[in-house]
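These notes concern the structure reproduced below.
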Amino acid sequence: MLKLVFVDMDDTFLTPEKTITPLNRKALDLAYERGIQFVPCTGRNYTGLPDELVHHPSVRYAVCCNGAIVRDLRENRNLREVTMDRALLHDLWHQIEGLEITFDLFADNGVFTARDRWHIIDEMDIPEGTRAMLRRVRVRCNQSTDEMIDSVHSIYRVNIFYLTEQDCLAVRRAIEARPQLTLASSFSCNLETTQVGADKGAGLTWLCDYLGVSPKDVIAFGDSSNDIPMLRVAGDGVAMANAFPECRAAADHTTTSCEDSGVARYLMREGAPLSARV
């Protein structure tokens with residue numbers, strides 16, 4: 001019996017314009033009526049979650065920062081945190097700081113980008129709706145990246161935007177050389193890392209254990225490589241039609257695109273948990 005639905009945000013539950021479709025909103029309402037909880041499971045920090053989702057009665061918990069945070073949204077507190085080692089981040093940054101990249105810190109209750117790296121967000125080849133969202137959820141800091149690393153309280157995730165494939169390969173090699181770090185991606189021009197033990201699959205597993213729910217009674221939806229761990233541990237892992245090839249390969253099933261309300265269509269199809277005939 002379905003108990004929880006874990007949904008990635010960008011290009012999964014949200015459209016490229018960062019909106020929730022009317023059919024996905026209907027799925028939220030039906031889930032609440034049937035006692036099924038939706039759990040945002042995202043690379044975003046919890047302050048970047050859409051208000052419409054946070055305040056919906058079917059949503060209480062969220063897995064954020066690629067699994068580094070499990071948060072109770074109603075009680076406004078983190079239930080689980082996996083933080084990153086500052087010395088390790090300084091070491092990583094010093095190896096790659098000569099590249100044209102950002103080094104965005106997902107820390108405390110925000111996302112922080114050094115002012116001298118802000119221009120990269122404006123130069124990336126991404127949809128304007130995505131660019132506007134990235135700018136909206138970030139704080140542009142006057143500090144250097146090293147100063148940012150030392151000034152925040154807890155660091156949960158680092159996002160790195162790049163402009164060239166050469167820089168991408170250099171960053172990838174630097175992260176892979178550090179076994180304490182994970183490596184994933186959610187955009188065509190980013191790499192992201194957390195401390196080992198923090199990924200969406202670990203966040204899903206932890207919350208299921210906390211709530212006394214078997215992962216077999218969970219459906220998870222995603223589109224990117226950072227979604228693969230949760231698709232693999234969920235009872236049913238579903239990739240969007242617009243998903244990266246490696247994400248589709250890891251999924252149990254596929255659905256239609258995020259623009260076509262693929263989450264709702266999968267859950268509301270005939271015989272499915274939110275079907276009118278169930």
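Starting from 1 in every chain, residues are counted up; chains themselves are A, B, ... following the order of the structure tokens, and ligands are numbered from 1 as listed.
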Would you kindly return, as an mmCIF file with N, CA and C atoms, in the first residue's frame, each protein, DNA or RNA residue with an atom no farther than 12 Å from any atom of Ile96 in chain A, considering only C-alpha atoms and excluding same-chain residues fewer than 6 positions away?
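around_21.cif, written as the output of this step:
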```cif
data_model
loop_
_atom_site.group_PDB
_atom_site.id
_atom_site.type_symbol
_atom_site.label_atom_id
_atom_site.label_comp_id
_atom_site.auth_asym_id
_atom_site.auth_seq_id
_atom_site.Cartn_x
_atom_site.Cartn_y
_atom_site.Cartn_z
ATOM 1 N N LEU A 89 36.594 21.091 2.174
ATOM 2 C CA LEU A 89 36.073 22.037 1.184
ATOM 3 C C LEU A 89 37.119 23.089 0.815
ATOM 4 N N HIS A 90 37.860 23.574 1.784
ATOM 5 C CA HIS A 90 38.957 24.493 1.462
ATOM 6 C C HIS A 90 39.945 23.820 0.508
ATOM 7 N N THR A 102 31.408 28.455 -10.289
ATOM 8 C CA THR A 102 30.905 28.899 -8.989
ATOM 9 C C THR A 102 31.277 27.847 -7.947
ATOM 10 N N PHE A 103 31.103 28.207 -6.700
ATOM 11 C CA PHE A 103 31.286 27.262 -5.594
ATOM 12 C C PHE A 103 30.210 27.615 -4.580
ATOM 13 N N THR A 145 35.311 33.021 -1.444
ATOM 14 C CA THR A 145 34.788 31.681 -1.178
ATOM 15 C C THR A 145 35.385 31.103 0.094
ATOM 16 N N ILE A 160 28.410 23.429 -8.093
ATOM 17 C CA ILE A 160 29.420 24.055 -8.950
ATOM 18 C C ILE A 160 28.859 24.186 -10.362
ATOM 19 N N TYR A 162 29.565 25.429 -14.231
ATOM 20 C CA TYR A 162 30.722 25.610 -15.111
ATOM 21 C C TYR A 162 30.239 26.064 -16.481
ATOM 22 N N GLN A 166 35.725 21.356 -20.438
ATOM 23 C CA GLN A 166 37.065 21.186 -19.879
ATOM 24 C C GLN A 166 37.056 21.456 -18.379
ATOM 25 N N ASP A 167 36.366 22.527 -17.965
ATOM 26 C CA ASP A 167 36.266 22.815 -16.534
ATOM 27 C C ASP A 167 35.437 21.755 -15.817
ATOM 28 N N CYS A 168 34.410 21.251 -16.478
ATOM 29 C CA CYS A 168 33.599 20.185 -15.898
ATOM 30 C C CYS A 168 34.462 18.969 -15.572
ATOM 31 N N LEU A 169 35.289 18.556 -16.516
ATOM 32 C CA LEU A 169 36.142 17.381 -16.309
ATOM 33 C C LEU A 169 37.133 17.614 -15.169
ATOM 34 N N ALA A 170 37.663 18.835 -15.085
ATOM 35 C CA ALA A 170 38.622 19.137 -14.014
ATOM 36 C C ALA A 170 37.948 19.071 -12.646
ATOM 37 N N VAL A 171 36.735 19.610 -12.545
ATOM 38 C CA VAL A 171 36.004 19.560 -11.277
ATOM 39 C C VAL A 171 35.643 18.121 -10.929
ATOM 40 N N ARG A 172 35.178 17.386 -11.925
ATOM 41 C CA ARG A 172 34.801 15.992 -11.693
ATOM 42 C C ARG A 172 35.986 15.188 -11.151
ATOM 43 N N ARG A 173 37.148 15.372 -11.750
ATOM 44 C CA ARG A 173 38.333 14.643 -11.288
ATOM 45 C C ARG A 173 38.681 15.025 -9.848
ATOM 46 N N ALA A 174 38.547 16.318 -9.531
ATOM 47 C CA ALA A 174 38.898 16.777 -8.181
ATOM 48 C C ALA A 174 37.961 16.181 -7.134
ATOM 49 N N ILE A 175 36.669 16.098 -7.449
ATOM 50 C CA ILE A 175 35.718 15.520 -6.494
ATOM 51 C C ILE A 175 35.924 14.013 -6.386
#
```
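For Thr21 in chain A, the non-local neighbours within 8 Å, defined as residues at least 5 positions apart in the same chain or in other chains and counting only C-alpha atoms, are Leu14, Thr15, Glu259 and Ser261 of chain A.
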Output N, CA and C atoms of each residue in that selection to a file, as a PDB file, in the first residue's frame.
```pdb
ATOM      1  N   LEU A  14       7.936  20.145 -10.837  1.00  0.00           N
ATOM      2  CA  LEU A  14       7.779  21.503 -11.359  1.00  0.00           C
ATOM      3  C   LEU A  14       8.073  21.533 -12.852  1.00  0.00           C
ATOM      4  N   THR A  15       7.413  22.418 -13.558  1.00  0.00           N
ATOM      5  CA  THR A  15       7.688  22.619 -14.981  1.00  0.00           C
ATOM      6  C   THR A  15       8.998  23.391 -15.147  1.00  0.00           C
ATOM      7  N   GLU A 259       6.316  18.744 -17.998  1.00  0.00           N
ATOM      8  CA  GLU A 259       5.363  19.701 -18.580  1.00  0.00           C
ATOM      9  C   GLU A 259       4.000  19.072 -18.790  1.00  0.00           C
ATOM     10  N   SER A 261       2.629  16.962 -16.684  1.00  0.00           N
ATOM     11  CA  SER A 261       2.156  16.498 -15.369  1.00  0.00           C
ATOM     12  C   SER A 261       2.413  15.009 -15.181  1.00  0.00           C
TER      13      SER A 261
END
```
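Minimum atom-to-atom distance to Val139 in chain A, evaluated using only C-alpha atoms, belongs to A:Thr47 out of A:Asn78, A:Thr47, A:Asn66, A:Thr256.
In the backbone-derived DSSP annotation, alpha helix (DSSP H) within range 177-256 of chain A comprises Lys200, Gly201, Ala202, Gly203, Leu204, Thr205, Trp206, Leu207, Cys208, Asp209, Tyr210, Leu211, Ile228, Pro229, Met230, Leu231, Arg232, Val233, Pro245, Glu246, Cys247, Arg248, Ala249 and Ala250 of chain A.
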- request: Excluding range 152-159 of chain A and residues on its chain fewer than 2 positions from it, collect all residues at most 9 Å away from it, counting only C-alpha atoms, and give them as a ChimeraX atom specification.
  value: /A:43,45,65-69,81-86,89,102-108,147-150,161,185,190-195,198
Residues as selected, C-alpha atoms, written as an mmCIF file, in the first residue's frame, can you do that?
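The resulting again26.cif:
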```
data_model
loop_
_atom_site.group_PDB
_atom_site.id
_atom_site.type_symbol
_atom_site.label_atom_id
_atom_site.label_comp_id
_atom_site.auth_asym_id
_atom_site.auth_seq_id
_atom_site.Cartn_x
_atom_site.Cartn_y
_atom_site.Cartn_z
ATOM 1 C CA GLY A 43 18.787 19.493 -4.186
ATOM 2 C CA ASN A 45 17.626 24.027 0.524
ATOM 3 C CA CYS A 65 20.244 19.489 -0.158
ATOM 4 C CA ASN A 66 20.395 16.110 -1.928
ATOM 5 C CA GLY A 67 19.640 14.212 1.255
ATOM 6 C CA ALA A 68 21.856 16.133 3.662
ATOM 7 C CA ILE A 69 18.759 17.503 5.438
ATOM 8 C CA GLU A 81 21.706 16.666 9.099
ATOM 9 C CA VAL A 82 24.865 15.467 7.350
ATOM 10 C CA THR A 83 27.341 18.347 7.208
ATOM 11 C CA MET A 84 30.472 18.800 5.125
ATOM 12 C CA ASP A 85 34.021 19.075 6.454
ATOM 13 C CA ARG A 86 35.381 22.634 6.137
ATOM 14 C CA LEU A 89 36.073 22.037 1.184
ATOM 15 C CA THR A 102 30.905 28.899 -8.989
ATOM 16 C CA PHE A 103 31.286 27.262 -5.594
ATOM 17 C CA ASP A 104 27.802 27.708 -4.146
ATOM 18 C CA LEU A 105 27.412 26.789 -0.493
ATOM 19 C CA PHE A 106 24.098 25.289 0.601
ATOM 20 C CA ALA A 107 24.502 26.239 4.227
ATOM 21 C CA ASP A 108 22.377 27.110 7.245
ATOM 22 C CA GLU A 147 35.702 33.420 3.818
ATOM 23 C CA MET A 148 32.227 32.066 3.060
ATOM 24 C CA ILE A 149 33.291 28.540 4.003
ATOM 25 C CA ASP A 150 34.504 29.796 7.368
ATOM 26 C CA PHE A 161 28.287 25.668 -12.180
ATOM 27 C CA SER A 185 24.353 16.502 -11.264
ATOM 28 C CA ASN A 190 26.505 21.694 -12.955
ATOM 29 C CA LEU A 191 28.158 19.256 -10.616
ATOM 30 C CA GLU A 192 27.179 18.911 -6.981
ATOM 31 C CA THR A 193 28.696 17.227 -3.985
ATOM 32 C CA THR A 194 27.765 16.289 -0.451
ATOM 33 C CA GLN A 195 29.506 14.394 2.303
ATOM 34 C CA ALA A 198 24.083 12.300 2.203
#
```
message: Report as a PyMOL selection string all protein, DNA and RNA residues lying within 8 Å of range 2-8 of chain A, evaluated on only C-alpha atoms, omitting residues in the same chain fewer than 5 positions from it.
response: chain A and resi 13+35-42+204+213+217-223+227+273
For the structure I just gave you, how does DSSP split range 49-176 of chain A - specifically, which residues are strand (DSSP E or B)? Reply as a PDB file with N, CA and C atoms, in the first residue's frame.
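After the write, states-v9.pdb holds the following:
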```
ATOM      1  N   VAL A  59       1.750  17.681   2.620  1.00  0.00           N
ATOM      2  CA  VAL A  59       3.206  17.796   2.745  1.00  0.00           C
ATOM      3  C   VAL A  59       3.565  18.175   4.175  1.00  0.00           C
ATOM      4  N   TYR A  61       6.993  16.661   5.495  1.00  0.00           N
ATOM      5  CA  TYR A  61       8.444  16.460   5.549  1.00  0.00           C
ATOM      6  C   TYR A  61       9.066  16.774   4.195  1.00  0.00           C
ATOM      7  N   ALA A  62      10.341  17.113   4.233  1.00  0.00           N
ATOM      8  CA  ALA A  62      11.089  17.354   3.006  1.00  0.00           C
ATOM      9  C   ALA A  62      12.505  16.823   3.171  1.00  0.00           C
ATOM     10  N   VAL A  63      13.034  16.264   2.090  1.00  0.00           N
ATOM     11  CA  VAL A  63      14.445  15.876   2.019  1.00  0.00           C
ATOM     12  C   VAL A  63      15.123  16.915   1.134  1.00  0.00           C
ATOM     13  N   CYS A  64      16.090  17.641   1.679  1.00  0.00           N
ATOM     14  CA  CYS A  64      16.685  18.780   0.992  1.00  0.00           C
ATOM     15  C   CYS A  64      18.199  18.624   0.868  1.00  0.00           C
ATOM     16  N   ILE A  69      19.722  17.038   4.443  1.00  0.00           N
ATOM     17  CA  ILE A  69      18.759  17.503   5.438  1.00  0.00           C
ATOM     18  C   ILE A  69      17.461  16.732   5.275  1.00  0.00           C
ATOM     19  N   VAL A  70      16.902  16.249   6.388  1.00  0.00           N
ATOM     20  CA  VAL A  70      15.512  15.808   6.449  1.00  0.00           C
ATOM     21  C   VAL A  70      14.814  16.751   7.413  1.00  0.00           C
ATOM     22  N   ARG A  71      13.797  17.434   6.937  1.00  0.00           N
ATOM     23  CA  ARG A  71      13.191  18.519   7.713  1.00  0.00           C
ATOM     24  C   ARG A  71      11.710  18.273   7.960  1.00  0.00           C
ATOM     25  N   ASP A  72      11.273  18.599   9.168  1.00  0.00           N
ATOM     26  CA  ASP A  72       9.860  18.658   9.512  1.00  0.00           C
ATOM     27  C   ASP A  72       9.407  20.091   9.226  1.00  0.00           C
ATOM     28  N   ARG A  77      12.002  22.406  11.880  1.00  0.00           N
ATOM     29  CA  ARG A  77      13.259  21.915  12.450  1.00  0.00           C
ATOM     30  C   ARG A  77      13.803  20.768  11.603  1.00  0.00           C
ATOM     31  N   ASN A  78      15.118  20.666  11.596  1.00  0.00           N
ATOM     32  CA  ASN A  78      15.782  19.580  10.888  1.00  0.00           C
ATOM     33  C   ASN A  78      15.800  18.337  11.769  1.00  0.00           C
ATOM     34  N   LEU A  79      15.374  17.227  11.204  1.00  0.00           N
ATOM     35  CA  LEU A  79      15.393  15.956  11.921  1.00  0.00           C
ATOM     36  C   LEU A  79      16.718  15.232  11.714  1.00  0.00           C
ATOM     37  N   ARG A  80      17.335  15.452  10.591  1.00  0.00           N
ATOM     38  CA  ARG A  80      18.609  14.807  10.260  1.00  0.00           C
ATOM     39  C   ARG A  80      19.473  15.792   9.495  1.00  0.00           C
ATOM     40  N   GLU A  81      20.751  15.818   9.819  1.00  0.00           N
ATOM     41  CA  GLU A  81      21.706  16.666   9.099  1.00  0.00           C
ATOM     42  C   GLU A  81      22.994  15.884   8.869  1.00  0.00           C
ATOM     43  N   ILE A 101      34.179  28.890 -12.581  1.00  0.00           N
ATOM     44  CA  ILE A 101      33.124  28.116 -11.937  1.00  0.00           C
ATOM     45  C   ILE A 101      32.585  28.877 -10.728  1.00  0.00           C
ATOM     46  N   ASP A 104      28.965  27.290  -4.923  1.00  0.00           N
ATOM     47  CA  ASP A 104      27.802  27.708  -4.146  1.00  0.00           C
ATOM     48  C   ASP A 104      27.667  26.860  -2.897  1.00  0.00           C
ATOM     49  N   LEU A 105      27.570  27.495  -1.758  1.00  0.00           N
ATOM     50  CA  LEU A 105      27.412  26.789  -0.493  1.00  0.00           C
ATOM     51  C   LEU A 105      25.938  26.717  -0.106  1.00  0.00           C
ATOM     52  N   PHE A 106      25.422  25.495   0.042  1.00  0.00           N
ATOM     53  CA  PHE A 106      24.098  25.289   0.601  1.00  0.00           C
ATOM     54  C   PHE A 106      24.320  25.120   2.101  1.00  0.00           C
ATOM     55  N   ALA A 107      24.084  26.182   2.826  1.00  0.00           N
ATOM     56  CA  ALA A 107      24.502  26.239   4.227  1.00  0.00           C
ATOM     57  C   ALA A 107      23.436  26.934   5.058  1.00  0.00           C
ATOM     58  N   GLY A 110      20.201  28.911   3.664  1.00  0.00           N
ATOM     59  CA  GLY A 110      20.267  29.576   2.373  1.00  0.00           C
ATOM     60  C   GLY A 110      21.287  28.974   1.432  1.00  0.00           C
ATOM     61  N   VAL A 111      21.495  29.685   0.322  1.00  0.00           N
ATOM     62  CA  VAL A 111      22.495  29.318  -0.678  1.00  0.00           C
ATOM     63  C   VAL A 111      23.345  30.549  -0.928  1.00  0.00           C
ATOM     64  N   PHE A 112      24.671  30.401  -0.873  1.00  0.00           N
ATOM     65  CA  PHE A 112      25.569  31.544  -0.886  1.00  0.00           C
ATOM     66  C   PHE A 112      26.574  31.410  -2.025  1.00  0.00           C
ATOM     67  N   THR A 113      26.683  32.506  -2.811  1.00  0.00           N
ATOM     68  CA  THR A 113      27.592  32.555  -3.949  1.00  0.00           C
ATOM     69  C   THR A 113      28.464  33.799  -3.839  1.00  0.00           C
ATOM     70  N   ALA A 114      29.758  33.635  -4.025  1.00  0.00           N
ATOM     71  CA  ALA A 114      30.671  34.780  -3.957  1.00  0.00           C
ATOM     72  C   ALA A 114      30.390  35.743  -5.116  1.00  0.00           C
ATOM     73  N   ARG A 138      19.490  32.475  -4.213  1.00  0.00           N
ATOM     74  CA  ARG A 138      20.875  32.652  -3.793  1.00  0.00           C
ATOM     75  C   ARG A 138      21.108  34.014  -3.161  1.00  0.00           C
ATOM     76  N   VAL A 139      22.089  34.039  -2.255  1.00  0.00           N
ATOM     77  CA  VAL A 139      22.575  35.286  -1.675  1.00  0.00           C
ATOM     78  C   VAL A 139      23.931  35.578  -2.304  1.00  0.00           C
ATOM     79  N   ARG A 140      24.075  36.763  -2.894  1.00  0.00           N
ATOM     80  CA  ARG A 140      25.360  37.170  -3.481  1.00  0.00           C
ATOM     81  C   ARG A 140      26.211  37.803  -2.377  1.00  0.00           C
ATOM     82  N   CYS A 141      27.344  37.182  -2.085  1.00  0.00           N
ATOM     83  CA  CYS A 141      28.161  37.584  -0.938  1.00  0.00           C
ATOM     84  C   CYS A 141      29.384  38.376  -1.368  1.00  0.00           C
ATOM     85  N   ILE A 155      27.502  23.486   6.580  1.00  0.00           N
ATOM     86  CA  ILE A 155      27.480  23.358   5.127  1.00  0.00           C
ATOM     87  C   ILE A 155      26.964  21.967   4.787  1.00  0.00           C
ATOM     88  N   TYR A 156      25.929  21.922   3.943  1.00  0.00           N
ATOM     89  CA  TYR A 156      25.282  20.658   3.619  1.00  0.00           C
ATOM     90  C   TYR A 156      25.598  20.168   2.200  1.00  0.00           C
ATOM     91  N   ARG A 157      25.830  21.089   1.305  1.00  0.00           N
ATOM     92  CA  ARG A 157      26.002  20.726  -0.104  1.00  0.00           C
ATOM     93  C   ARG A 157      26.771  21.830  -0.801  1.00  0.00           C
ATOM     94  N   VAL A 158      27.543  21.471  -1.826  1.00  0.00           N
ATOM     95  CA  VAL A 158      28.209  22.443  -2.686  1.00  0.00           C
ATOM     96  C   VAL A 158      27.749  22.210  -4.116  1.00  0.00           C
ATOM     97  N   ASN A 159      27.343  23.282  -4.757  1.00  0.00           N
ATOM     98  CA  ASN A 159      26.970  23.242  -6.171  1.00  0.00           C
ATOM     99  C   ASN A 159      28.017  23.998  -6.975  1.00  0.00           C
ATOM    100  N   ILE A 160      28.410  23.429  -8.093  1.00  0.00           N
ATOM    101  CA  ILE A 160      29.420  24.055  -8.950  1.00  0.00           C
ATOM    102  C   ILE A 160      28.859  24.186 -10.362  1.00  0.00           C
ATOM    103  N   PHE A 161      28.648  25.408 -10.793  1.00  0.00           N
ATOM    104  CA  PHE A 161      28.287  25.668 -12.180  1.00  0.00           C
ATOM    105  C   PHE A 161      29.553  25.907 -12.992  1.00  0.00           C
ATOM    106  N   TYR A 162      29.565  25.429 -14.231  1.00  0.00           N
ATOM    107  CA  TYR A 162      30.722  25.610 -15.111  1.00  0.00           C
ATOM    108  C   TYR A 162      30.239  26.064 -16.481  1.00  0.00           C
TER     109      TYR A 162
END
```
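Counting only C-alpha atoms, the residue from A:Asp51, A:Asp10, A:Asp260, A:Asp146 that sits nearest to Met133 in chain A is A:Asp10.
Coordinates place CA of Thr182 in chain A at a distance of 9.8 Å from CA of Asn226 in chain A.
Take CA of Arg232 in chain A and CA of Gly262 in chain A: the distance between them is 18.9 Å.
Nearest to Leu274 in chain A of all the residues A:Glu33, A:Leu53, A:Thr205, A:Gly237 is A:Glu33, based on only C-alpha atoms.
Of note, CA of Arg136 in chain A and CA of Cys189 in chain A are spaced 18.3 Å apart.
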